[in-house]
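Heads up, model_10.cif below (mmCIF, C-alpha atoms):
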```cif
data_upload
#
loop_
_atom_site.group_PDB
_atom_site.id
_atom_site.type_symbol
_atom_site.label_atom_id
_atom_site.label_comp_id
_atom_site.auth_asym_id
_atom_site.auth_seq_id
_atom_site.Cartn_x
_atom_site.Cartn_y
_atom_site.Cartn_z
ATOM 1 C CA MET A 462 4.321 15.500 7.201
ATOM 2 C CA ILE A 463 0.840 14.552 8.406
ATOM 3 C CA ASP A 464 1.638 12.847 11.696
ATOM 4 C CA VAL A 465 -1.281 10.938 13.195
ATOM 5 C CA GLU A 466 -1.068 8.837 16.325
ATOM 6 C CA LEU A 467 -2.349 5.360 15.496
ATOM 7 C CA PRO A 468 -3.704 2.879 18.065
ATOM 8 C CA PRO A 469 -1.006 1.090 20.111
ATOM 9 C CA LEU A 470 0.027 -2.404 19.039
ATOM 10 C CA GLN A 471 0.667 -3.858 22.479
ATOM 11 C CA ALA A 472 0.219 -7.469 21.357
ATOM 12 C CA LEU A 473 3.389 -7.121 19.261
ATOM 13 C CA LYS A 474 5.647 -6.548 22.276
ATOM 14 C CA GLY A 475 8.686 -8.795 21.955
ATOM 15 C CA LYS A 476 7.716 -10.029 18.488
ATOM 16 C CA ARG A 477 10.448 -10.071 15.870
ATOM 17 C CA VAL A 478 9.321 -8.239 12.728
ATOM 18 C CA ALA A 479 11.215 -7.916 9.436
ATOM 19 C CA LEU A 480 10.347 -5.067 7.077
ATOM 20 C CA PHE A 481 11.432 -5.531 3.476
ATOM 21 C CA GLY A 482 11.488 -2.349 1.403
ATOM 22 C CA CYS A 483 10.608 -0.001 4.254
ATOM 23 C CA GLY A 484 9.611 3.158 2.417
ATOM 24 C CA ASP A 485 6.988 5.595 3.694
ATOM 25 C CA ILE A 486 4.543 2.864 4.734
ATOM 26 C CA GLY A 487 7.281 0.803 6.350
ATOM 27 C CA VAL A 488 8.722 3.718 8.325
ATOM 28 C CA ARG A 489 5.319 4.621 9.756
ATOM 29 C CA LEU A 490 4.638 0.987 10.620
ATOM 30 C CA ALA A 491 8.103 0.532 12.125
ATOM 31 C CA ARG A 492 7.552 3.426 14.503
ATOM 32 C CA GLN A 493 4.256 1.928 15.661
ATOM 33 C CA LEU A 494 5.920 -1.415 16.252
ATOM 34 C CA ILE A 495 8.970 -0.006 18.015
ATOM 35 C CA ALA A 496 6.710 2.031 20.316
ATOM 36 C CA ALA A 497 4.931 -1.212 21.227
ATOM 37 C CA GLY A 498 8.187 -2.974 22.094
ATOM 38 C CA ALA A 499 8.476 -5.105 18.960
ATOM 39 C CA LEU A 500 11.942 -6.077 17.734
ATOM 40 C CA VAL A 501 11.988 -4.494 14.293
ATOM 41 C CA HIS A 502 14.598 -4.811 11.575
ATOM 42 C CA ALA A 503 14.393 -3.211 8.142
ATOM 43 C CA TYR A 504 16.047 -4.375 4.942
ATOM 44 C CA ARG A 505 16.487 -2.029 2.002
ATOM 45 C CA ARG A 506 19.023 -0.936 -0.588
ATOM 46 C CA GLN A 507 20.000 2.286 1.228
ATOM 47 C CA PRO A 508 19.273 2.016 4.970
ATOM 48 C CA SER A 509 21.139 5.274 5.596
ATOM 49 C CA THR A 510 18.027 7.124 4.406
ATOM 50 C CA LEU A 511 15.927 5.643 7.224
ATOM 51 C CA PRO A 512 15.355 7.389 10.567
ATOM 52 C CA ALA A 513 18.141 6.541 13.012
ATOM 53 C CA ASP A 514 15.772 4.773 15.419
ATOM 54 C CA ILE A 515 14.944 2.005 12.911
ATOM 55 C CA PRO A 516 17.557 -0.807 12.892
ATOM 56 C CA ALA A 517 18.371 -1.689 9.294
ATOM 57 C CA THR A 518 20.656 -3.661 6.997
ATOM 58 C CA ALA A 519 21.609 -2.914 3.399
ATOM 59 C CA CYS A 520 20.229 -5.448 0.926
ATOM 60 C CA ASP A 521 19.771 -5.489 -2.812
ATOM 61 C CA PHE A 522 16.847 -7.852 -3.254
ATOM 62 C CA SER A 523 17.841 -8.487 -6.860
ATOM 63 C CA VAL A 524 21.225 -9.851 -5.700
ATOM 64 C CA PRO A 525 20.710 -12.929 -3.472
ATOM 65 C CA ALA A 526 24.333 -12.820 -2.291
ATOM 66 C CA THR A 527 23.563 -9.607 -0.366
ATOM 67 C CA MET A 528 20.783 -11.377 1.555
ATOM 68 C CA ASN A 529 22.714 -14.245 3.142
ATOM 69 C CA GLY A 530 22.318 -12.886 6.662
ATOM 70 C CA ILE A 531 18.520 -12.873 6.567
ATOM 71 C CA SER A 532 18.146 -16.627 7.021
ATOM 72 C CA GLN A 533 20.350 -16.490 10.125
ATOM 73 C CA THR A 534 17.695 -14.499 12.003
ATOM 74 C CA THR A 535 14.301 -15.906 12.893
ATOM 75 C CA TYR A 536 11.276 -13.641 12.612
ATOM 76 C CA ASP A 537 7.667 -13.921 13.702
ATOM 77 C CA TYR A 538 6.408 -11.634 10.951
ATOM 78 C CA ALA A 539 7.598 -10.297 7.618
ATOM 79 C CA ILE A 540 6.047 -7.280 5.884
ATOM 80 C CA ILE A 541 7.076 -6.848 2.262
ATOM 81 C CA THR A 542 6.492 -3.467 0.594
ATOM 82 C CA LEU A 543 8.401 -3.317 -2.669
ATOM 83 C CA THR A 544 8.548 -0.854 -5.563
ATOM 84 C CA PRO A 545 9.398 -1.139 -9.268
ATOM 85 C CA ASN A 546 13.077 -1.164 -10.205
ATOM 86 C CA ARG A 547 13.759 2.550 -10.784
ATOM 87 C CA HIS A 548 16.884 1.764 -12.821
ATOM 88 C CA GLU A 549 14.846 -0.053 -15.484
ATOM 89 C CA SER A 550 13.324 2.161 -18.202
ATOM 90 C CA ASP A 551 10.845 -0.441 -19.438
ATOM 91 C CA ARG A 552 7.848 -0.302 -17.066
ATOM 92 C CA ALA A 553 6.891 -3.967 -17.321
ATOM 93 C CA ALA A 554 10.507 -5.034 -16.808
ATOM 94 C CA ALA A 555 10.759 -2.685 -13.807
ATOM 95 C CA TYR A 556 7.705 -4.332 -12.237
ATOM 96 C CA ARG A 557 8.924 -7.837 -13.040
ATOM 97 C CA GLN A 558 12.275 -7.136 -11.374
ATOM 98 C CA GLY A 559 10.983 -4.993 -8.510
ATOM 99 C CA TYR A 560 8.088 -7.205 -7.509
ATOM 100 C CA LEU A 561 8.234 -10.710 -8.941
ATOM 101 C CA THR A 562 11.984 -11.423 -8.931
ATOM 102 C CA ASN A 563 12.707 -9.548 -5.712
ATOM 103 C CA LEU A 564 9.816 -11.169 -3.850
ATOM 104 C CA SER A 565 11.008 -14.604 -4.927
ATOM 105 C CA ASN A 566 14.510 -13.825 -3.664
ATOM 106 C CA ILE A 567 13.184 -12.553 -0.326
ATOM 107 C CA LEU A 568 11.080 -15.664 0.222
ATOM 108 C CA ASP A 569 14.095 -17.839 -0.612
ATOM 109 C CA ALA A 570 16.205 -15.924 1.923
ATOM 110 C CA LEU A 571 13.707 -16.045 4.781
ATOM 111 C CA SER A 572 13.589 -18.797 7.370
ATOM 112 C CA LEU A 573 9.948 -19.602 6.660
ATOM 113 C CA ALA A 574 9.625 -22.269 9.351
ATOM 114 C CA SER A 575 9.722 -19.703 12.159
ATOM 115 C CA LEU A 576 7.401 -17.191 10.492
ATOM 116 C CA GLN A 577 3.839 -16.883 11.684
ATOM 117 C CA LYS A 578 2.704 -14.662 8.808
ATOM 118 C CA VAL A 579 4.064 -12.944 5.699
ATOM 119 C CA PHE A 580 2.221 -9.769 4.650
ATOM 120 C CA TRP A 581 2.618 -8.805 0.998
ATOM 121 C CA VAL A 582 1.561 -5.357 -0.161
ATOM 122 C CA SER A 583 -0.015 -5.623 -3.599
ATOM 123 C CA SER A 584 -2.293 -3.318 -5.581
ATOM 124 C CA THR A 585 -5.928 -3.137 -6.626
ATOM 125 C CA SER A 586 -4.638 -2.841 -10.198
ATOM 126 C CA VAL A 587 -5.099 -6.625 -10.273
ATOM 127 C CA TYR A 588 -8.802 -5.811 -10.788
ATOM 128 C CA GLY A 589 -9.727 -4.803 -14.319
ATOM 129 C CA GLN A 590 -13.421 -3.996 -13.909
ATOM 130 C CA ASN A 591 -14.454 -1.014 -16.036
ATOM 131 C CA ASP A 592 -18.223 -0.914 -15.511
ATOM 132 C CA ASP A 593 -18.584 1.062 -12.240
ATOM 133 C CA SER A 594 -19.300 -2.210 -10.413
ATOM 134 C CA VAL A 595 -18.628 -2.842 -6.726
ATOM 135 C CA VAL A 596 -15.448 -4.895 -6.337
ATOM 136 C CA ASP A 597 -14.386 -6.833 -3.247
ATOM 137 C CA GLU A 598 -11.885 -9.558 -2.370
ATOM 138 C CA THR A 599 -14.015 -12.240 -4.049
ATOM 139 C CA SER A 600 -14.227 -10.409 -7.390
ATOM 140 C CA ALA A 601 -12.450 -11.663 -10.497
ATOM 141 C CA THR A 602 -8.836 -10.560 -10.912
ATOM 142 C CA GLU A 603 -8.375 -9.800 -14.606
ATOM 143 C CA PRO A 604 -5.876 -6.919 -14.833
ATOM 144 C CA LEU A 605 -6.118 -4.463 -17.715
ATOM 145 C CA GLY A 606 -2.363 -4.034 -18.070
ATOM 146 C CA GLU A 607 0.895 -5.959 -17.968
ATOM 147 C CA THR A 608 1.958 -4.471 -14.622
ATOM 148 C CA GLY A 609 -1.249 -5.689 -12.998
ATOM 149 C CA ARG A 610 -0.621 -9.161 -14.387
ATOM 150 C CA ILE A 611 2.893 -9.137 -12.938
ATOM 151 C CA LEU A 612 1.541 -8.175 -9.507
ATOM 152 C CA LEU A 613 -0.959 -11.023 -9.763
ATOM 153 C CA GLN A 614 1.910 -13.403 -10.511
ATOM 154 C CA ALA A 615 3.715 -12.121 -7.423
ATOM 155 C CA GLU A 616 0.581 -12.736 -5.367
ATOM 156 C CA GLY A 617 0.787 -16.340 -6.546
ATOM 157 C CA LEU A 618 4.093 -16.723 -4.696
ATOM 158 C CA ILE A 619 2.399 -15.590 -1.483
ATOM 159 C CA ARG A 620 -0.521 -17.949 -2.043
ATOM 160 C CA GLN A 621 1.971 -20.808 -2.181
ATOM 161 C CA LEU A 622 2.711 -20.099 1.492
ATOM 162 C CA GLY A 623 -0.804 -21.272 2.385
ATOM 163 C CA ASP A 624 -2.077 -19.952 5.711
ATOM 164 C CA LYS A 625 1.200 -18.121 6.340
ATOM 165 C CA GLY A 626 0.530 -15.652 3.539
ATOM 166 C CA CYS A 627 -1.647 -12.535 3.631
ATOM 167 C CA ILE A 628 -2.098 -10.221 0.634
ATOM 168 C CA VAL A 629 -3.085 -6.577 1.165
ATOM 169 C CA ARG A 630 -4.183 -4.798 -2.024
ATOM 170 C CA PHE A 631 -3.966 -1.033 -1.649
ATOM 171 C CA SER A 632 -5.762 1.313 -4.020
ATOM 172 C CA GLY A 633 -4.285 4.687 -5.052
ATOM 173 C CA ILE A 634 -1.987 5.706 -2.198
ATOM 174 C CA TYR A 635 -1.703 9.424 -1.482
ATOM 175 C CA ARG A 636 0.557 11.152 0.983
ATOM 176 C CA ASP A 637 1.210 14.595 2.432
ATOM 177 C CA THR A 638 0.933 16.221 -0.969
ATOM 178 C CA HIS A 639 -1.469 15.508 -3.802
ATOM 179 C CA ARG A 640 -0.977 16.277 -7.476
ATOM 180 C CA MET A 641 -4.630 17.355 -7.842
ATOM 181 C CA ILE A 642 -4.255 20.010 -5.146
ATOM 182 C CA SER A 643 -0.970 21.175 -6.683
ATOM 183 C CA LYS A 644 -2.548 21.390 -10.146
ATOM 184 C CA LEU A 645 -5.601 23.195 -8.760
ATOM 185 C CA ARG A 646 -3.404 25.800 -7.054
ATOM 186 C CA ALA A 647 -1.512 26.249 -10.321
ATOM 187 C CA GLY A 648 -4.787 26.715 -12.224
ATOM 188 C CA GLU A 649 -4.143 23.539 -14.220
ATOM 189 C CA LEU A 650 -6.739 21.062 -12.883
ATOM 190 C CA ALA A 651 -9.154 20.158 -15.679
ATOM 191 C CA ALA A 652 -12.850 20.493 -14.878
ATOM 192 C CA LYS A 653 -13.772 17.691 -17.290
ATOM 193 C CA VAL A 654 -12.533 14.249 -18.249
ATOM 194 C CA ASP A 655 -12.970 12.498 -21.590
ATOM 195 C CA GLN A 656 -14.761 9.623 -19.826
ATOM 196 C CA ASP A 657 -15.897 10.077 -16.230
ATOM 197 C CA TYR A 658 -14.813 7.254 -13.959
ATOM 198 C CA TYR A 659 -14.701 6.077 -10.357
ATOM 199 C CA SER A 660 -11.382 6.391 -8.547
ATOM 200 C CA ASN A 661 -10.365 4.860 -5.234
ATOM 201 C CA ARG A 662 -7.679 5.925 -2.802
ATOM 202 C CA ILE A 663 -6.171 5.445 0.636
ATOM 203 C CA HIS A 664 -3.939 7.745 2.684
ATOM 204 C CA VAL A 665 -0.509 6.354 3.564
ATOM 205 C CA VAL A 666 -1.380 6.777 7.264
ATOM 206 C CA ASP A 667 -4.151 4.225 6.825
ATOM 207 C CA CYS A 668 -1.861 1.907 4.849
ATOM 208 C CA ALA A 669 0.422 1.684 7.874
ATOM 209 C CA GLY A 670 -2.573 1.618 10.194
ATOM 210 C CA MET A 671 -4.153 -1.317 8.368
ATOM 211 C CA LEU A 672 -0.973 -3.373 8.376
ATOM 212 C CA GLY A 673 -0.441 -2.683 12.064
ATOM 213 C CA PHE A 674 -4.042 -3.625 12.789
ATOM 214 C CA LEU A 675 -3.706 -6.944 10.939
ATOM 215 C CA LEU A 676 -0.457 -7.720 12.766
ATOM 216 C CA GLN A 677 -2.121 -6.959 16.083
ATOM 217 C CA GLN A 678 -5.156 -9.098 15.271
ATOM 218 C CA HIS A 679 -3.018 -12.072 14.312
ATOM 219 C CA SER A 680 -0.902 -11.702 17.462
ATOM 220 C CA LEU A 681 -4.118 -11.799 19.484
ATOM 221 C CA GLY A 682 -5.062 -15.110 17.882
ATOM 222 C CA VAL A 683 -7.605 -13.807 15.381
ATOM 223 C CA ALA A 684 -7.689 -15.794 12.138
ATOM 224 C CA LEU A 685 -7.013 -13.553 9.142
ATOM 225 C CA ASP A 686 -8.370 -13.798 5.632
ATOM 226 C CA LYS A 687 -5.852 -14.397 2.882
ATOM 227 C CA VAL A 688 -6.676 -11.175 1.002
ATOM 228 C CA TYR A 689 -7.715 -7.673 2.102
ATOM 229 C CA ILE A 690 -8.518 -4.609 0.019
ATOM 230 C CA GLY A 691 -7.060 -1.437 1.495
ATOM 231 C CA THR A 692 -9.069 1.559 0.349
ATOM 232 C CA ASP A 693 -11.079 4.291 2.032
ATOM 233 C CA CYS A 694 -14.852 4.238 2.384
ATOM 234 C CA THR A 695 -15.707 6.575 -0.485
ATOM 235 C CA PRO A 696 -15.095 5.751 -4.149
ATOM 236 C CA VAL A 697 -15.667 8.970 -6.093
ATOM 237 C CA ARG A 698 -16.087 10.042 -9.702
ATOM 238 C CA TYR A 699 -13.435 12.333 -11.155
ATOM 239 C CA THR A 700 -15.857 15.209 -11.746
ATOM 240 C CA ASP A 701 -17.294 14.993 -8.224
ATOM 241 C CA LEU A 702 -13.795 14.990 -6.748
ATOM 242 C CA VAL A 703 -12.497 18.006 -8.670
ATOM 243 C CA ASP A 704 -15.715 19.961 -8.078
ATOM 244 C CA TRP A 705 -15.460 19.340 -4.332
ATOM 245 C CA LEU A 706 -11.767 20.266 -4.290
ATOM 246 C CA ALA A 707 -12.342 23.524 -6.156
ATOM 247 C CA GLU A 708 -15.229 24.492 -3.894
ATOM 248 C CA SER A 709 -13.357 23.560 -0.695
ATOM 249 C CA LEU A 710 -10.206 25.469 -1.613
ATOM 250 C CA ARG A 711 -12.133 28.283 -3.304
ATOM 251 C CA LEU A 712 -10.013 27.990 -6.423
ATOM 252 C CA PRO A 713 -11.094 27.866 -10.075
ATOM 253 C CA LEU A 714 -10.903 24.785 -12.276
ATOM 254 C CA ASP A 715 -9.345 24.867 -15.733
ATOM 255 C CA LYS A 716 -12.407 24.809 -17.987
ATOM 256 C CA THR A 717 -10.364 25.016 -21.193
ATOM 257 C CA SER A 718 -8.838 21.536 -21.058
ATOM 258 C CA GLU A 719 -10.059 17.985 -20.623
ATOM 259 C CA ALA A 720 -8.292 15.315 -18.596
ATOM 260 C CA LYS A 721 -7.748 11.859 -20.048
ATOM 261 C CA LYS A 722 -9.163 8.869 -18.204
ATOM 262 C CA PRO A 723 -6.288 6.724 -16.903
ATOM 263 C CA ALA A 724 -6.105 3.071 -17.926
ATOM 264 C CA VAL A 725 -7.261 1.790 -14.537
ATOM 265 C CA GLY A 726 -10.871 0.922 -15.304
ATOM 266 C CA SER A 727 -13.792 2.299 -13.337
ATOM 267 C CA LYS A 728 -14.849 0.436 -10.238
ATOM 268 C CA ARG A 729 -16.056 1.021 -6.701
ATOM 269 C CA LEU A 730 -13.748 -0.819 -4.342
ATOM 270 C CA SER A 731 -15.291 -2.190 -1.161
ATOM 271 C CA ASN A 732 -13.423 -2.135 2.157
ATOM 272 C CA HIS A 733 -16.094 -4.021 4.093
ATOM 273 C CA ARG A 734 -13.789 -6.925 4.930
ATOM 274 C CA ILE A 735 -11.288 -4.763 6.834
ATOM 275 C CA LEU A 736 -14.099 -2.692 8.373
ATOM 276 C CA ASP A 737 -15.864 -5.850 9.543
ATOM 277 C CA ALA A 738 -12.572 -6.987 11.082
ATOM 278 C CA GLY A 739 -12.632 -3.840 13.231
ATOM 279 C CA TYR A 740 -10.288 -1.366 11.578
ATOM 280 C CA THR A 741 -11.237 2.313 11.891
ATOM 281 C CA PHE A 742 -9.954 4.598 9.141
ATOM 282 C CA VAL A 743 -8.119 7.769 10.116
ATOM 283 C CA PHE A 744 -9.178 9.245 6.768
ATOM 284 C CA PRO A 745 -12.446 7.470 5.848
ATOM 285 C CA SER A 746 -12.878 9.506 2.673
ATOM 286 C CA PHE A 747 -10.961 11.759 0.312
ATOM 287 C CA LYS A 748 -12.535 14.763 2.038
ATOM 288 C CA GLU A 749 -10.769 14.240 5.372
ATOM 289 C CA GLY A 750 -7.493 13.378 3.665
ATOM 290 C CA MET A 751 -7.520 16.296 1.236
ATOM 291 C CA ARG A 752 -8.486 18.744 3.995
ATOM 292 C CA ALA A 753 -5.512 17.583 6.063
ATOM 293 C CA ILE A 754 -3.190 18.119 3.079
ATOM 294 C CA ALA A 755 -4.632 21.538 2.256
ATOM 295 C CA GLN A 756 -4.251 22.725 5.862
ATOM 296 C CA GLN A 757 -0.511 21.999 6.021
#
```

For this file, write the structure as structure tokens.
Amino acid sequence: MIDVELPPLQALKGKRVALFGCGDIGVRLARQLIAAGALVHAYRRQPSTLPADIPATACDFSVPATMNGISQTTYDYAIITLTPNRHESDRAAAYRQGYLTNLSNILDALSLASLQKVFWVSSTSVYGQNDDSVVDETSATEPLGETGRILLQAEGLIRQLGDKGCIVRFSGIYRDTHRMISKLRAGELAAKVDQDYYSNRIHVVDCAGMLGFLLQQHSLGVALDKVYIGTDCTPVRYTDLVDWLAESLRLPLDKTSEAKKPAVGSKRLSNHRILDAGYTFVFPSFKEGMRAIAQQ
């Protein structure tokens, strides 16, 4: 596990923070908050899989009856990081249940009057641009696929909260392993793609770092925007990325096959809003992130 010490969140001391979902991003954020003296509580289907130092309660967000205790506790902040329903084989249905229905149930269960801010983790798949254009928070949201449209619907529930809602749209999240590095080491990473395209990504360390930064800023009295894009500073074309990887790891690309462009469009996501707010990326580009993975 790539373990990076993020800046302390001292302004969160004594604040009550609820984490809904609490997967990899949530665990990293929880540890930051607990270290700062925040009163953290996580809600997820199987809390037994969480580290022992994170207080947690079992909840099935698709079953409101399991969430009755949530409204009995007042929180200053709620961070909601959900995933598709893994028990549903139909992808659109999995997204509708995992994001739209579950978010609605969480918002119904929360005591909204006491909350200062609700942070909702969404995705840059709500942008459908396919022309290599620069995309920021003011750009049109016209998703290419049904799952993107479902996420946009879920964002609508957060917008209904007015100033209490904050949407964070992460691009392609990568962690301590990366399928491209694995495929390259196996001699299976294609040197070409049927249609070259821009891809955008963010390391999970910076996902947690960004959320912690926004929490800290709000606690310090800084007014937040309603939407932030979470992505690193370097959009990169597929061919440039695989060429750099192969050269850095001194491994050959598979020149006999051609990758297929994923149905995510081709755009250059801008992170200027979060940079202008003062956040400093741990992994400002794919190069730093991939090097850290390769050196493990």

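Taking atom CA of Gly609 of chain A and atom CA of Asp521 of chain A as the two end points, the separation is 23.4 Å.
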
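This file, queried with the PyMOL selection byres ((chain A and resi 586-597) around 7), gives the residues Ser584, Thr585, Glu598, Thr599, Ser600, Ala601, Thr602, Glu603, Pro604, Leu605, Gly609, Arg610, Leu612, Leu613, Tyr659, Val725, Gly726, Ser727, Lys728, Arg729, Leu730 and Ser731 of chain A.
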
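This file, filtered with the PyMOL selection byres ((chain A and resi 703) around 10), gives the residues Met641, Ile642, Leu645, Leu650, Ala651, Ala652, Lys653, Val697, Arg698, Tyr699, Thr700, Asp701, Leu702, Asp704, Trp705, Leu706, Ala707, Glu708, Ser709 and Leu714 of chain A.
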
Include C-alpha atoms and write out the residues we just selected as a compact mmCIF listing (two decimals), in the frame of the given file.
```txt
# COMPACT_ATOMS: atom_id res chain seq x y z
CA MET A 641 -4.63 17.36 -7.84
CA ILE A 642 -4.26 20.01 -5.15
CA LEU A 645 -5.60 23.20 -8.76
CA LEU A 650 -6.74 21.06 -12.88
CA ALA A 651 -9.15 20.16 -15.68
CA ALA A 652 -12.85 20.49 -14.88
CA LYS A 653 -13.77 17.69 -17.29
CA VAL A 697 -15.67 8.97 -6.09
CA ARG A 698 -16.09 10.04 -9.70
CA TYR A 699 -13.44 12.33 -11.16
CA THR A 700 -15.86 15.21 -11.75
CA ASP A 701 -17.29 14.99 -8.22
CA LEU A 702 -13.80 14.99 -6.75
CA ASP A 704 -15.72 19.96 -8.08
CA TRP A 705 -15.46 19.34 -4.33
CA LEU A 706 -11.77 20.27 -4.29
CA ALA A 707 -12.34 23.52 -6.16
CA GLU A 708 -15.23 24.49 -3.89
CA SER A 709 -13.36 23.56 -0.70
CA LEU A 714 -10.90 24.78 -12.28
```

Correct to one decimal, the distance atom CA of Tyr556 of chain A-atom CA of Phe522 of chain A is 13.3 Å

Step by step, work through what the PyMOL selection byres ((chain A and resi 558-573) around 8) selects in the shown file, and finish by giving those residues as a PyMOL selection string.
-> chain A and resi 522-523+525+528-529+531-536+541+543-546+554-557+574-576+611-612+614-615+618

The residue from A:Gln577, A:Asp514, A:Arg646, A:Arg630 with the smallest atom-to-atom distance to Ala684 of chain A, counting all atoms listed in the file, is A:Gln577

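The spacing separating atom CA of Ala503 of chain A from atom CA of Pro468 of chain A amounts to 21.5 Å.
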
### Task
Name the residues in contact with Thr695 of chain A at a cut-off of 8 Å, using all atoms listed in the file, excluding same-chain residues fewer than 2 positions from it; report them as a list in words.
Asn661, Asp693, Val697, Pro745, Ser746 and Phe747 of chain A

With C-alpha atoms retained, could you export that selection as a PDB file, in the coordinates of the input?
```pdb
ATOM      1  CA  ASN A 661     -10.365   4.860  -5.234  1.00  0.00           C
ATOM      2  CA  ASP A 693     -11.079   4.291   2.032  1.00  0.00           C
ATOM      3  CA  VAL A 697     -15.667   8.970  -6.093  1.00  0.00           C
ATOM      4  CA  PRO A 745     -12.446   7.470   5.848  1.00  0.00           C
ATOM      5  CA  SER A 746     -12.878   9.506   2.673  1.00  0.00           C
ATOM      6  CA  PHE A 747     -10.961  11.759   0.312  1.00  0.00           C
TER       7      PHE A 747
END
```

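Each of A:Val666, A:Gly626, A:Gly739, A:Ile486 was compared to Gln678 of chain A using all atoms listed in the file, and A:Gly739 turns out to be the nearest.
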
(Q) Using all atoms listed in the file, which protein or nucleic acid residues come within 9 Å of Lys476 of chain A? Drop anything in the same chain fewer than 3 positions from it, and give the result as a count of residues only. (A) 10

Judged by only C-alpha atoms, the minimum distance to Gly475 of chain A among A:Gly487, A:Arg734, A:Gly617, A:Ala497 is found for A:Ala497

Next item on the list: Just the residues within 7 Å of segment 740-742 of chain A, please, counting all atoms listed in the file, with nothing from its chain fewer than 5 positions along; format it as a PyMOL selection string.
Entry: chain A and resi 667+671+674+735

Shell around Leu672 of chain A at 10 Å using all atoms listed in the file, local window under 6 positions removed, as number ranges by chain:
A: 486-487, 490, 540, 580-582, 629, 678, 691

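Distances from A:Arg492, A:Arg552, A:Lys722, A:Lys748 to Gly673 of chain A were compared using only C-alpha atoms, and the smallest one belongs to A:Arg492.
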
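Closest approach to Ala720 of chain A among A:Asp655, A:Glu749, A:Glu466, A:Glu607 is made by A:Asp655 (distances from only C-alpha atoms).
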
Near His502 of chain A, within 9 Å and counting all atoms listed in the file, which residues show up once chain neighbours fewer than 2 positions away are dropped, as a ChimeraX atom specification?
/A:477-481,491,500,504,515-518

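Taking all atoms listed in the file into account, Ser632 of chain A lies nearest to A:Ile690 out of the set A:Ala496, A:Val488, A:Ile690, A:Leu467.
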